[in-house]
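Asker: Structure file final.cif, mmCIF, C-alpha atoms, is pasted below:
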data_start
#
loop_
_atom_site.label_atom_id
_atom_site.label_comp_id
_atom_site.auth_asym_id
_atom_site.auth_seq_id
_atom_site.Cartn_x
_atom_site.Cartn_y
_atom_site.Cartn_z
CA MET A 139 80.06 78.49 30.77
CA GLY A 140 80.76 82.02 32.03
CA SER A 141 82.81 82.71 35.11
CA ALA A 142 81.05 83.17 38.44
CA GLN A 143 80.20 86.68 39.61
CA GLN A 144 82.95 88.13 41.78
CA LEU A 145 81.62 89.61 45.00
CA HIS A 146 82.81 92.80 46.66
CA LEU A 147 82.94 92.73 50.45
CA GLY A 148 83.24 95.56 52.93
CA VAL A 149 82.97 95.24 56.69
CA ALA A 150 81.87 97.66 59.42
CA LEU A 151 84.27 98.10 62.36
CA ASP A 152 81.89 100.03 64.59
CA GLY A 153 82.66 99.93 68.31
CA ALA A 154 82.30 96.46 69.82
CA GLY A 155 80.02 95.33 66.98
CA GLN A 156 76.70 96.05 65.32
CA HIS A 157 74.52 94.90 68.21
CA PRO A 158 74.07 97.52 70.98
CA ALA A 159 74.88 94.92 73.67
CA ALA A 160 78.01 93.66 71.89
CA TRP A 161 80.28 95.30 74.48
CA ARG A 162 78.72 93.13 77.20
CA VAL A 163 79.73 89.84 75.57
CA SER A 164 82.84 90.79 73.57
CA ASP A 165 86.35 90.02 74.79
CA VAL A 166 87.29 93.58 73.87
CA ARG A 167 87.62 95.87 76.87
CA PRO A 168 85.48 99.02 76.65
CA SER A 169 88.54 101.24 76.99
CA ALA A 170 90.02 99.67 73.85
CA LEU A 171 87.20 101.16 71.77
CA PHE A 172 88.94 104.52 72.12
CA THR A 173 92.29 103.35 70.74
CA ALA A 174 93.49 103.16 67.15
CA ALA A 175 94.89 99.70 67.99
CA HIS A 176 91.35 98.30 68.28
CA TYR A 177 90.48 99.33 64.74
CA LEU A 178 93.88 98.36 63.39
CA ALA A 179 93.52 94.81 64.73
CA HIS A 180 90.18 94.36 63.00
CA ALA A 181 91.33 96.06 59.80
CA LYS A 182 94.22 93.60 59.73
CA LEU A 183 91.75 90.69 59.93
CA ALA A 184 89.85 92.14 56.98
CA GLU A 185 93.08 92.77 55.08
CA ALA A 186 94.34 89.23 55.60
CA ALA A 187 91.11 88.02 53.94
CA SER A 188 91.61 90.47 51.02
CA LEU A 189 88.31 92.24 51.71
CA ASP A 190 87.65 95.37 49.66
CA PHE A 191 87.31 97.89 52.48
CA VAL A 192 86.39 98.61 56.08
CA THR A 193 84.06 101.37 57.27
CA LEU A 194 83.83 103.23 60.56
CA ASP A 195 80.65 105.01 61.61
CA ASP A 196 80.67 108.59 62.84
CA THR A 197 78.28 111.41 63.73
CA LEU A 198 78.66 114.82 65.32
CA ALA A 199 76.58 113.85 68.37
CA LEU A 200 76.66 111.13 71.01
CA GLN A 201 75.04 107.84 70.11
CA PRO A 202 71.40 107.67 71.22
CA GLY A 203 70.52 105.57 74.21
CA GLY A 204 71.23 105.42 77.91
CA GLU A 205 73.84 103.85 80.11
CA GLU A 206 73.40 100.43 78.50
CA VAL A 207 74.92 101.34 75.09
CA VAL A 208 78.38 102.37 74.00
CA ARG A 209 78.54 106.15 73.89
CA GLY A 210 81.42 108.20 72.64
CA ARG A 211 83.65 107.49 69.66
CA LEU A 212 86.86 108.49 67.97
CA ASP A 213 86.76 110.60 64.82
CA ALA A 214 86.44 108.06 62.01
CA LEU A 215 88.62 109.80 59.43
CA LEU A 216 91.42 110.57 61.88
CA THR A 217 91.34 107.00 63.19
CA PHE A 218 91.74 105.60 59.70
CA ALA A 219 94.52 108.12 59.01
CA ALA A 220 96.32 106.69 62.05
CA ILE A 221 96.11 103.09 60.80
CA ALA A 222 96.68 103.88 57.11
CA PRO A 223 100.50 103.70 57.21
CA VAL A 224 100.47 100.30 58.96
CA THR A 225 98.01 98.63 56.60
CA SER A 226 98.82 97.77 53.01
CA GLY A 227 95.83 96.45 51.09
CA ILE A 228 92.52 97.16 52.79
CA GLY A 229 90.42 100.14 51.66
CA LEU A 230 89.60 102.68 54.37
CA VAL A 231 86.17 104.32 54.14
CA PRO A 232 85.33 106.56 57.12
CA THR A 233 81.93 108.17 57.59
CA VAL A 234 82.00 111.96 57.27
CA THR A 235 79.02 114.12 58.20
CA THR A 236 78.43 116.58 55.37
CA THR A 237 75.80 118.91 56.86
CA HIS A 238 78.01 120.77 59.36
CA THR A 239 81.43 120.16 57.78
CA GLU A 240 82.85 122.48 55.13
CA PRO A 241 83.17 120.67 51.77
CA PHE A 242 86.65 122.16 51.35
CA HIS A 243 87.74 120.49 54.60
CA ILE A 244 86.18 117.16 53.61
CA SER A 245 87.98 117.28 50.28
CA THR A 246 91.41 117.97 51.74
CA ALA A 247 91.00 115.52 54.63
CA VAL A 248 89.96 112.62 52.39
CA ALA A 249 92.70 113.51 49.89
CA SER A 250 95.20 113.44 52.76
CA LEU A 251 93.90 110.01 53.81
CA ASP A 252 94.42 108.84 50.23
CA PHE A 253 98.04 110.00 50.38
CA ALA A 254 98.55 108.40 53.82
CA SER A 255 97.11 105.07 52.60
CA ARG A 256 98.81 105.19 49.20
CA GLY A 257 95.55 105.17 47.29
CA ARG A 258 93.17 103.19 49.51
CA ALA A 259 90.86 105.94 50.78
CA GLY A 260 87.16 106.45 50.41
CA VAL A 261 84.49 108.45 52.16
CA LEU A 262 80.97 107.52 53.25
CA ALA A 263 79.15 110.84 52.89
CA VAL A 264 76.22 111.12 55.30
CA PRO A 265 73.97 114.12 56.04
CA SER A 266 72.96 115.11 59.57
CA ARG A 267 69.28 115.10 60.51
CA THR A 268 69.36 115.61 64.29
CA GLU A 269 68.73 118.59 66.54
CA ALA A 270 71.63 117.48 68.76
CA GLU A 271 74.12 118.04 65.97
CA VAL A 272 72.57 121.40 65.10
CA ALA A 273 72.94 122.45 68.74
CA HIS A 274 76.64 121.58 68.76
CA PHE A 275 77.34 124.14 66.05
CA GLY A 276 74.68 126.80 66.48
CA ARG A 277 75.05 128.19 62.96
CA ARG A 278 71.87 126.95 61.31
CA THR A 279 68.48 125.40 61.87
CA LEU A 280 67.78 121.74 61.27
CA PRO A 281 67.47 121.20 57.51
CA SER A 282 64.58 119.19 56.14
CA GLU A 283 65.40 115.64 55.12
CA VAL A 284 65.15 116.61 51.45
CA ASP A 285 67.46 119.61 51.91
CA ALA A 286 69.98 117.59 53.91
CA GLU A 287 70.13 114.97 51.16
CA ALA A 288 70.36 117.63 48.44
CA GLU A 289 73.23 119.31 50.28
CA ASN A 290 74.94 115.93 50.66
CA ALA A 291 74.77 115.51 46.88
CA ASP A 292 76.29 118.97 46.37
CA VAL A 293 79.13 118.06 48.73
CA VAL A 294 79.81 114.86 46.77
CA ASP A 295 79.91 116.97 43.60
CA VAL A 296 82.20 119.71 44.89
CA ILE A 297 84.75 117.47 46.65
CA ALA A 298 85.33 115.71 43.32
CA ARG A 299 85.80 119.09 41.65
CA LEU A 300 88.34 120.04 44.31
CA TRP A 301 90.24 116.76 43.84
CA ASP A 302 90.38 117.60 40.14
CA SER A 303 91.46 121.20 40.72
CA TRP A 304 95.09 120.04 40.59
CA GLU A 305 95.98 118.13 37.45
CA ASP A 306 98.19 115.08 37.88
CA GLY A 307 101.20 116.90 36.41
CA ALA A 308 100.77 120.11 38.40
CA ILE A 309 103.87 119.53 40.55
CA ILE A 310 106.91 120.01 38.32
CA ARG A 311 109.69 120.96 40.79
CA ASP A 312 111.73 122.70 38.11
CA GLU A 313 114.84 123.76 40.05
CA PRO A 314 116.52 125.76 37.24
CA THR A 315 113.50 128.07 36.92
CA GLY A 316 112.44 127.88 40.58
CA ARG A 317 108.93 126.70 39.67
CA PHE A 318 107.48 124.08 42.04
CA ILE A 319 104.05 123.94 40.36
CA ASP A 320 102.70 124.58 36.91
CA ARG A 321 100.11 127.27 37.62
CA GLU A 322 98.31 126.42 34.38
CA LYS A 323 97.46 123.01 35.85
CA LEU A 324 95.62 124.43 38.88
CA HIS A 325 91.96 125.29 38.40
CA TYR A 326 89.22 127.26 40.10
CA VAL A 327 86.11 125.14 40.66
CA ASP A 328 83.80 128.18 41.00
CA PHE A 329 80.96 126.17 42.55
CA GLU A 330 77.83 128.16 43.38
CA GLY A 331 75.04 126.14 44.97
CA ARG A 332 71.99 126.62 47.12
CA PHE A 333 73.82 125.68 50.34
CA PHE A 334 77.40 126.89 49.85
CA SER A 335 79.89 128.23 47.34
CA VAL A 336 83.50 127.15 46.82
CA LYS A 337 86.05 128.88 44.62
CA GLY A 338 89.07 126.58 44.82
CA PRO A 339 91.59 125.38 43.91
CA SER A 340 92.29 122.89 46.68
CA ILE A 341 95.32 123.30 48.93
CA THR A 342 96.05 119.56 48.56
CA PRO A 343 97.34 118.08 45.29
CA ARG A 344 95.19 115.61 43.39
CA PRO A 345 95.11 112.40 45.46
CA PRO A 346 96.74 109.16 44.27
CA GLN A 347 93.42 107.68 43.09
CA GLY A 348 92.37 110.90 41.41
CA HIS A 349 89.01 110.45 43.09
CA PRO A 350 88.95 108.51 46.37
CA VAL A 351 85.91 106.24 46.40
CA VAL A 352 82.65 107.98 47.36
CA ALA A 353 79.95 105.92 49.06
CA VAL A 354 76.46 106.92 50.19
CA TYR A 355 73.49 105.18 51.73
CA GLY A 356 70.76 104.19 49.31
CA ASP A 357 67.87 105.73 51.23
CA SER A 358 68.73 109.07 49.66
CA PRO A 359 66.85 110.31 46.59
CA TYR A 360 70.16 111.94 45.58
CA ALA A 361 72.35 108.84 45.84
CA HIS A 362 73.03 108.78 42.11
CA GLY A 363 76.57 109.82 41.21
CA ALA A 364 78.35 108.00 44.04
CA ASP A 365 80.74 105.15 43.27
CA VAL A 366 79.23 102.82 45.89
CA VAL A 367 75.68 102.74 47.24
CA LEU A 368 75.00 100.86 50.49
CA VAL A 369 71.42 99.62 50.79
CA ASP A 370 69.34 97.88 53.44
CA GLU A 371 66.26 97.57 51.22
CA ILE A 372 67.52 94.98 48.73
CA ARG A 373 64.42 94.45 46.63
CA GLY A 374 64.41 96.73 43.60
CA ALA A 375 67.70 98.39 44.54
CA ARG A 376 69.39 97.63 41.23
CA GLU A 377 66.60 99.38 39.34
CA ARG A 378 67.05 102.46 41.54
CA PHE A 379 70.84 102.55 41.15
CA PRO A 380 71.75 101.02 37.79
CA ASP A 381 75.27 102.46 37.54
CA ALA A 382 76.77 102.23 41.06
CA LYS A 383 78.50 99.39 42.80
CA LEU A 384 75.59 98.17 44.90
CA LEU A 385 76.36 96.58 48.26
CA ALA A 386 73.67 95.35 50.65
CA GLY A 387 74.11 95.83 54.38
CA LEU A 388 73.97 92.53 56.27
CA SER A 389 74.36 92.00 60.01
CA ILE A 390 75.80 88.59 60.88
CA VAL A 391 75.70 86.30 63.92
CA LEU A 392 77.87 83.24 63.30
CA ALA A 393 78.74 80.03 65.11
CA GLU A 394 79.93 76.54 64.13
CA THR A 395 76.38 75.18 64.31
CA GLU A 396 73.09 76.83 63.45
CA GLN A 397 71.74 76.24 66.94
CA ALA A 398 74.79 77.81 68.54
CA ALA A 399 74.33 80.88 66.33
CA ILE A 400 70.65 81.09 67.32
CA ASP A 401 71.66 80.82 70.97
CA ARG A 402 74.19 83.65 70.51
CA ARG A 403 71.54 85.84 68.92
CA ARG A 404 69.04 85.11 71.69
CA ALA A 405 71.65 85.99 74.31
CA LEU A 406 72.17 89.37 72.63
CA GLU A 407 68.44 89.96 72.26
CA ALA A 408 68.00 89.32 75.98
CA TYR A 409 69.84 92.60 76.48
CA ALA A 410 68.39 94.65 73.59
CA PRO A 411 66.52 94.18 70.31
CA PHE A 412 68.56 93.46 67.22
CA PRO A 413 69.02 96.56 65.01
CA PRO A 414 66.62 96.76 62.04
CA GLY A 415 67.77 95.69 58.61
CA PRO A 416 68.77 92.45 56.86
CA SER A 417 70.59 89.94 59.03
CA PHE A 418 71.93 86.39 58.88
CA THR A 419 72.16 83.96 61.79
CA GLY A 420 73.86 80.62 61.13
CA THR A 421 77.13 78.95 60.22
CA PRO A 422 79.97 80.50 58.21
CA ALA A 423 79.52 77.80 55.56
CA ASP A 424 75.82 78.51 55.16
CA LEU A 425 76.56 82.23 54.86
CA ALA A 426 79.04 81.46 52.07
CA THR A 427 76.24 79.67 50.23
CA GLU A 428 73.71 82.43 50.85
CA LEU A 429 75.76 85.45 49.75
CA PRO A 430 76.20 84.50 46.05
CA ARG A 431 72.52 83.50 45.88
CA LEU A 432 71.37 86.81 47.32
CA ALA A 433 73.68 88.75 45.01
CA ALA A 434 72.58 86.94 41.87
CA SER A 435 68.87 87.14 42.62
CA ASN A 436 68.93 90.85 43.46
CA GLY A 437 71.54 92.26 41.09
CA LEU A 438 73.95 93.08 43.92
CA ASP A 439 77.69 93.60 43.51
CA GLY A 440 78.40 92.51 47.05
CA PHE A 441 77.79 93.12 50.73
CA HIS A 442 78.59 95.49 53.55
CA ILE A 443 79.02 93.01 56.40
CA ARG A 444 78.17 94.19 59.92
CA PRO A 445 79.51 91.77 62.54
CA ALA A 446 77.16 91.61 65.52
CA VAL A 447 80.09 91.23 67.92
CA LEU A 448 83.75 92.09 67.39
CA PRO A 449 86.01 90.25 67.01
CA ASP A 450 83.89 87.07 67.19
CA ASP A 451 81.79 87.37 64.03
CA LEU A 452 84.49 89.06 61.97
CA ALA A 453 86.98 86.33 62.92
CA LEU A 454 84.60 83.55 61.83
CA PHE A 455 83.69 85.42 58.65
CA THR A 456 87.29 85.94 57.57
CA ALA A 457 88.53 82.52 58.71
CA GLU A 458 85.71 80.38 57.31
CA THR A 459 83.19 82.23 55.13
CA VAL A 460 85.75 83.98 52.92
CA PRO A 461 87.78 80.82 52.17
CA ALA A 462 84.52 79.07 51.19
CA LEU A 463 83.69 81.94 48.85
CA GLN A 464 87.20 81.74 47.39
CA ALA A 465 86.86 77.98 46.89
CA ALA A 466 83.58 78.62 45.04
CA GLY A 467 85.34 81.08 42.74
CA VAL A 468 83.23 84.09 43.75
CA PHE A 469 85.83 86.06 45.70
CA ARG A 470 89.47 86.98 45.02
CA GLN A 471 92.28 84.88 46.42
CA SER A 472 94.40 87.97 47.06
CA TYR A 473 94.57 91.62 46.08
CA THR A 474 95.32 92.09 42.40
CA GLY A 475 95.60 95.89 42.53
CA ALA A 476 97.02 98.51 44.85
CA THR A 477 94.13 100.97 45.26
CA LEU A 478 90.56 100.82 46.50
CA ARG A 479 89.39 101.76 43.01
CA ASP A 480 91.33 98.73 41.77
CA HIS A 481 89.62 96.47 44.32
CA LEU A 482 86.19 97.68 43.23
CA GLY A 483 86.95 97.66 39.51
CA LEU A 484 86.12 101.35 39.16
CA GLY A 485 88.84 102.31 36.73
CA VAL A 486 90.81 105.53 36.53
CA ALA A 487 88.95 108.71 37.50
CA ALA A 488 89.11 111.29 34.71
CA ASN A 489 90.01 114.88 35.60
CA GLN A 490 87.15 117.14 34.55
CA TYR A 491 89.43 120.19 34.17
CA ALA A 492 92.36 118.65 32.29
CA GLU A 493 92.53 119.10 28.55
CA ALA A 494 92.06 115.96 26.51
#
If you convert what's in this file into structure tokens, what do you get?

Answerer:
Amino acid sequence: MGSAQQLHLGVALDGAGQHPAAWRVSDVRPSALFTAAHYLAHAKLAEAASLDFVTLDDTLALQPGGEEVVRGRLDALLTFAAIAPVTSGIGLVPTVTTTHTEPFHISTAVASLDFASRGRAGVLAVPSRTEAEVAHFGRRTLPSEVDAEAENADVVDVIARLWDSWEDGAIIRDEPTGRFIDREKLHYVDFEGRFFSVKGPSITPRPPQGHPVVAVYGDSPYAHGADVVLVDEIRGARERFPDAKLLAGLSIVLAETEQAAIDRRRALEAYAPFPPGPSFTGTPADLATELPRLAASNGLDGFHIRPAVLPDDLALFTAETVPALQAAGVFRQSYTGATLRDHLGLGVAANQYAEA
């Protein structure tokens, strides 16, 4: 008999939780949402459970809604850079908006996060499709959805080229000759695309992972080429993305009994509708039974868990669901590697400019 499929698990650390009314029922004070300590505490919960990675949402505009929703946020990448030195195992995957951000800056910022985290960085590359974000910059008109997605794909391409523009042995620090770098191991990327051009090389040496992990959402027609694809539409996703690590988004509302979980969900829905997308409401034990079944029946590699309320649903997930998955042999007992690529089984990223 073959061994059971090993699941990959990421978790969203957005604000007070996935539900828009989470801040009204969470023990977390609203002011804490604008501190690195808030995200560190929840990243530590995920790390103690040996989860693959955490994500943090970001956009270049205020969240939609009125006075009843959380508005305002910290920069996702800078927040994860702040907590990187005081975490040790968890992968850190901030959202970065690609439409209004220079690819060169994305490349160096994510590479710097990889250095700060000692090889645990990733990036969730997301295009902008809102007039509000266009108005904040004033340099361009709103791109069509197709153009925004195509540009996102070009950004994913060029940031990998920039990471490769320094070979691993480029820093030689040869004191007798006074040479710090081997100039032959730095490369121009000479990217010319429809939306931008980048010459290179990067100003930041090749990051510890070679390529930090690149994730995208699966609603893009250009999602191919990313390491991880996050999907809400589970049916048929494996056929659309045969080569990526495929993780399904799943919002969770947990309690020790099914009825208590239903009551929690109803209390949230009394304030606002639940966000669209797949969700689970029930006990941690039942969720541990459901996740392997969903993965096996849909060709999934794992799940991007979105706790409805922080810390409540994350605490139950890490304290009860994860141990049940470990007991069933479908999730690691502890980290077996040091990098996010190790956690996801992605292997070493080859340098496209280095000679064989």

Asker: Taking only C-alpha atoms into account, which of A:Ala219, A:Ala361, A:Val369, A:Leu482 comes nearest Phe253 in chain A?

Answerer: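 Distance minimum relative to Phe253 in chain A lands on A:Ala219.
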
Asker: Could you tell me which of A:His238, A:His176, A:His146, A:Arg162 comes closest to Leu406 in chain A if we count only C-alpha atoms?

Answerer: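 Looking at the shortest contact to Leu406 in chain A, the residue is A:Arg162.
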
Asker: Please determine an axis-aligned box that encloses all atoms of range 448-465 of chain A listed in the file, with 8 Å added on each side, and express its centre and edge lengths in Å to one decimal as JSON.

Answerer:
{"center_x": 85.2, "center_y": 85.0, "center_z": 57.1, "size_x": 22.7, "size_y": 30.1, "size_z": 36.5}

Asker: Please, what distance in Å, to one decimal, runs between CA of Leu194 in chain A and CA of Ala181 in chain A?

Answerer: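 About the pair CA of Leu194 in chain A and CA of Ala181 in chain A: they are 10.4 Å apart.
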
Asker: List as a list in words the protein and nucleic acid residues near Arg470 in chain A, meaning an atom at most 8 Å away when all atoms listed in the file are counted, but skip any in the same chain fewer than 4 places from it.

Answerer: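 In the requested form, the answer reads Gln144, Ser188 and Gln464 of chain A.
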
Asker: Written as a ChimeraX atom specification, what is the full residue list that the PyMOL selection byres ((chain A and resi 163) around 12) yields on the file shown?

Answerer: /A:154-155,157-162,164-168,402-403,405-409,446-451

Asker: Let me make sure I understand: among A:Gly307, A:Gly356, A:Pro281, A:Gly257, which one has the smallest atom-to-atom distance to Gly227 in chain A if we use all atoms listed in the file?

Answerer: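 Using all atoms listed in the file, Gly227 in chain A sits closest to A:Gly257.
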
Asker: Up to 12 Å from (98.7, 107.5, 52.4) in the file's coordinates: name the residues, counting only C-alpha atoms, as a PyMOL selection string.

Answerer: chain A and resi 218-227+229-230+247-260+345-347+350+476-477

Asker: To test your reading of the syntax: which residues would the PyMOL selection byres ((chain A and resi 172) around 12) return for the file shown? Reply as a list in words.

Answerer: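 Taken on the displayed file, the PyMOL selection byres ((chain A and resi 172) around 12) yields the residues Asp152, Gly153, Ala154, Val166, Arg167, Pro168, Ser169, Ala170, Leu171, Thr173, Ala174, Ala175, His176, Tyr177, Leu178, Val208, Arg209, Gly210, Arg211, Leu212, Asp213, Ala214 and Thr217 of chain A.
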
Asker: Quick one: pull the distance between CA of Gly348 in chain A and CA of Ala364 in chain A, Å, one decimal.

Answerer: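 Straight-line distance from CA of Gly348 in chain A to CA of Ala364 in chain A works out to 14.6 Å.
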
Asker: Rank A:Tyr326, A:Tyr360, A:Phe455, A:Tyr355 by their smallest atom-to-atom distance to Leu392 in chain A, using all atoms listed in the file, and report the top residue only.

Answerer: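 Selected residue with least distance to Leu392 in chain A: A:Phe455.
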
Asker: Compile the contact shell of Gly363 in chain A as an mmCIF file with C-alpha atoms, in the frame of the given file: residues with an atom at most 9 Å away, counting all atoms listed in the file, same-chain residues fewer than 3 positions apart removed.

Answerer:
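Result went into part.cif, see below:
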data_model
loop_
_atom_site.group_PDB
_atom_site.id
_atom_site.type_symbol
_atom_site.label_atom_id
_atom_site.label_comp_id
_atom_site.auth_asym_id
_atom_site.auth_seq_id
_atom_site.Cartn_x
_atom_site.Cartn_y
_atom_site.Cartn_z
ATOM 1 C CA ALA A 291 74.770 115.510 46.880
ATOM 2 C CA VAL A 294 79.810 114.860 46.770
ATOM 3 C CA ASP A 295 79.910 116.970 43.600
ATOM 4 C CA VAL A 352 82.650 107.980 47.360
ATOM 5 C CA TYR A 360 70.160 111.940 45.580
ATOM 6 C CA VAL A 366 79.230 102.820 45.890
ATOM 7 C CA ASP A 381 75.270 102.460 37.540
ATOM 8 C CA ALA A 382 76.770 102.230 41.060
#

Asker: List the residues matched by the PyMOL selection byres ((chain A and resi 371-377) around 10) in the displayed structure as a PyMOL selection string, ordered by chain and then by residue number.

Answerer: chain A and resi 356-357+367-370+378-387+415-416+432-433+435-439

Asker: Which one is closest to Ala199 in chain A: A:Ser266, A:Thr456, A:Thr236, A:Asn290? Count only C-alpha atoms.

Answerer: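 Residue with the minimum atom-to-atom distance to Ala199 in chain A: A:Ser266.
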
Asker: Record the distance separating CA of Pro339 in chain A and CA of Ala286 in chain A, expressed in Å with one decimal.

Answerer: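 Taking CA of Pro339 in chain A and CA of Ala286 in chain A, their separation equals 25.1 Å.
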
Asker: Counting only C-alpha atoms, figure out which residue out of A:Gln156, A:Gly338, A:Ala353, A:Ser472 gets nearest to Pro413 in chain A.

Answerer: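 The shortest atom-to-atom distance to Pro413 in chain A comes from A:Gln156.
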
Asker: Mind rebuilding range 345-359 of chain A with N, CA, C and O atoms and writing that out as a PDB file, keeping the file's coordinate frame?

Answerer:
ATOM      1  N   PRO A 345      94.725 113.599  44.718  1.00  0.00           N
ATOM      2  CA  PRO A 345      95.110 112.400  45.460  1.00  0.00           C
ATOM      3  C   PRO A 345      95.539 111.262  44.541  1.00  0.00           C
ATOM      4  O   PRO A 345      95.268 111.284  43.333  1.00  0.00           O
ATOM      5  N   PRO A 346      96.217 110.252  45.089  1.00  0.00           N
ATOM      6  CA  PRO A 346      96.740 109.160  44.270  1.00  0.00           C
ATOM      7  C   PRO A 346      95.690 108.475  43.384  1.00  0.00           C
ATOM      8  O   PRO A 346      95.990 108.076  42.257  1.00  0.00           O
ATOM      9  N   GLN A 347      94.459 108.313  43.894  1.00  0.00           N
ATOM     10  CA  GLN A 347      93.420 107.680  43.090  1.00  0.00           C
ATOM     11  C   GLN A 347      92.736 108.644  42.125  1.00  0.00           C
ATOM     12  O   GLN A 347      91.857 108.227  41.363  1.00  0.00           O
ATOM     13  N   GLY A 348      93.122 109.906  42.147  1.00  0.00           N
ATOM     14  CA  GLY A 348      92.370 110.900  41.410  1.00  0.00           C
ATOM     15  C   GLY A 348      91.126 111.260  42.194  1.00  0.00           C
ATOM     16  O   GLY A 348      91.018 112.338  42.772  1.00  0.00           O
ATOM     17  N   HIS A 349      90.190 110.327  42.245  1.00  0.00           N
ATOM     18  CA  HIS A 349      89.010 110.450  43.090  1.00  0.00           C
ATOM     19  C   HIS A 349      89.019 109.301  44.101  1.00  0.00           C
ATOM     20  O   HIS A 349      88.819 108.145  43.705  1.00  0.00           O
ATOM     21  N   PRO A 350      89.246 109.549  45.384  1.00  0.00           N
ATOM     22  CA  PRO A 350      88.950 108.510  46.370  1.00  0.00           C
ATOM     23  C   PRO A 350      87.498 108.053  46.211  1.00  0.00           C
ATOM     24  O   PRO A 350      86.644 108.803  45.711  1.00  0.00           O
ATOM     25  N   VAL A 351      87.221 106.831  46.614  1.00  0.00           N
ATOM     26  CA  VAL A 351      85.910 106.240  46.400  1.00  0.00           C
ATOM     27  C   VAL A 351      84.861 106.937  47.254  1.00  0.00           C
ATOM     28  O   VAL A 351      85.051 107.126  48.460  1.00  0.00           O
ATOM     29  N   VAL A 352      83.749 107.324  46.653  1.00  0.00           N
ATOM     30  CA  VAL A 352      82.650 107.980  47.360  1.00  0.00           C
ATOM     31  C   VAL A 352      81.496 107.004  47.522  1.00  0.00           C
ATOM     32  O   VAL A 352      81.002 106.455  46.531  1.00  0.00           O
ATOM     33  N   ALA A 353      81.091 106.787  48.761  1.00  0.00           N
ATOM     34  CA  ALA A 353      79.950 105.920  49.060  1.00  0.00           C
ATOM     35  C   ALA A 353      78.857 106.726  49.741  1.00  0.00           C
ATOM     36  O   ALA A 353      79.134 107.710  50.445  1.00  0.00           O
ATOM     37  N   VAL A 354      77.611 106.324  49.519  1.00  0.00           N
ATOM     38  CA  VAL A 354      76.460 106.920  50.190  1.00  0.00           C
ATOM     39  C   VAL A 354      75.490 105.811  50.551  1.00  0.00           C
ATOM     40  O   VAL A 354      75.576 104.694  50.023  1.00  0.00           O
ATOM     41  N   TYR A 355      74.560 106.132  51.431  1.00  0.00           N
ATOM     42  CA  TYR A 355      73.490 105.180  51.730  1.00  0.00           C
ATOM     43  C   TYR A 355      72.371 105.324  50.709  1.00  0.00           C
ATOM     44  O   TYR A 355      72.063 106.426  50.241  1.00  0.00           O
ATOM     45  N   GLY A 356      71.739 104.216  50.390  1.00  0.00           N
ATOM     46  CA  GLY A 356      70.760 104.190  49.310  1.00  0.00           C
ATOM     47  C   GLY A 356      69.377 104.666  49.675  1.00  0.00           C
ATOM     48  O   GLY A 356      68.473 104.590  48.829  1.00  0.00           O
ATOM     49  N   ASP A 357      69.181 105.181  50.902  1.00  0.00           N
ATOM     50  CA  ASP A 357      67.870 105.730  51.230  1.00  0.00           C
ATOM     51  C   ASP A 357      67.743 107.172  50.780  1.00  0.00           C
ATOM     52  O   ASP A 357      66.724 107.814  50.990  1.00  0.00           O
ATOM     53  N   SER A 358      68.777 107.699  50.128  1.00  0.00           N
ATOM     54  CA  SER A 358      68.730 109.070  49.660  1.00  0.00           C
ATOM     55  C   SER A 358      68.195 109.156  48.240  1.00  0.00           C
ATOM     56  O   SER A 358      68.591 108.367  47.382  1.00  0.00           O
ATOM     57  N   PRO A 359      67.313 110.121  47.971  1.00  0.00           N
ATOM     58  CA  PRO A 359      66.850 110.310  46.590  1.00  0.00           C
ATOM     59  C   PRO A 359      67.943 110.916  45.713  1.00  0.00           C
ATOM     60  O   PRO A 359      67.779 110.990  44.503  1.00  0.00           O
TER      61      PRO A 359
END
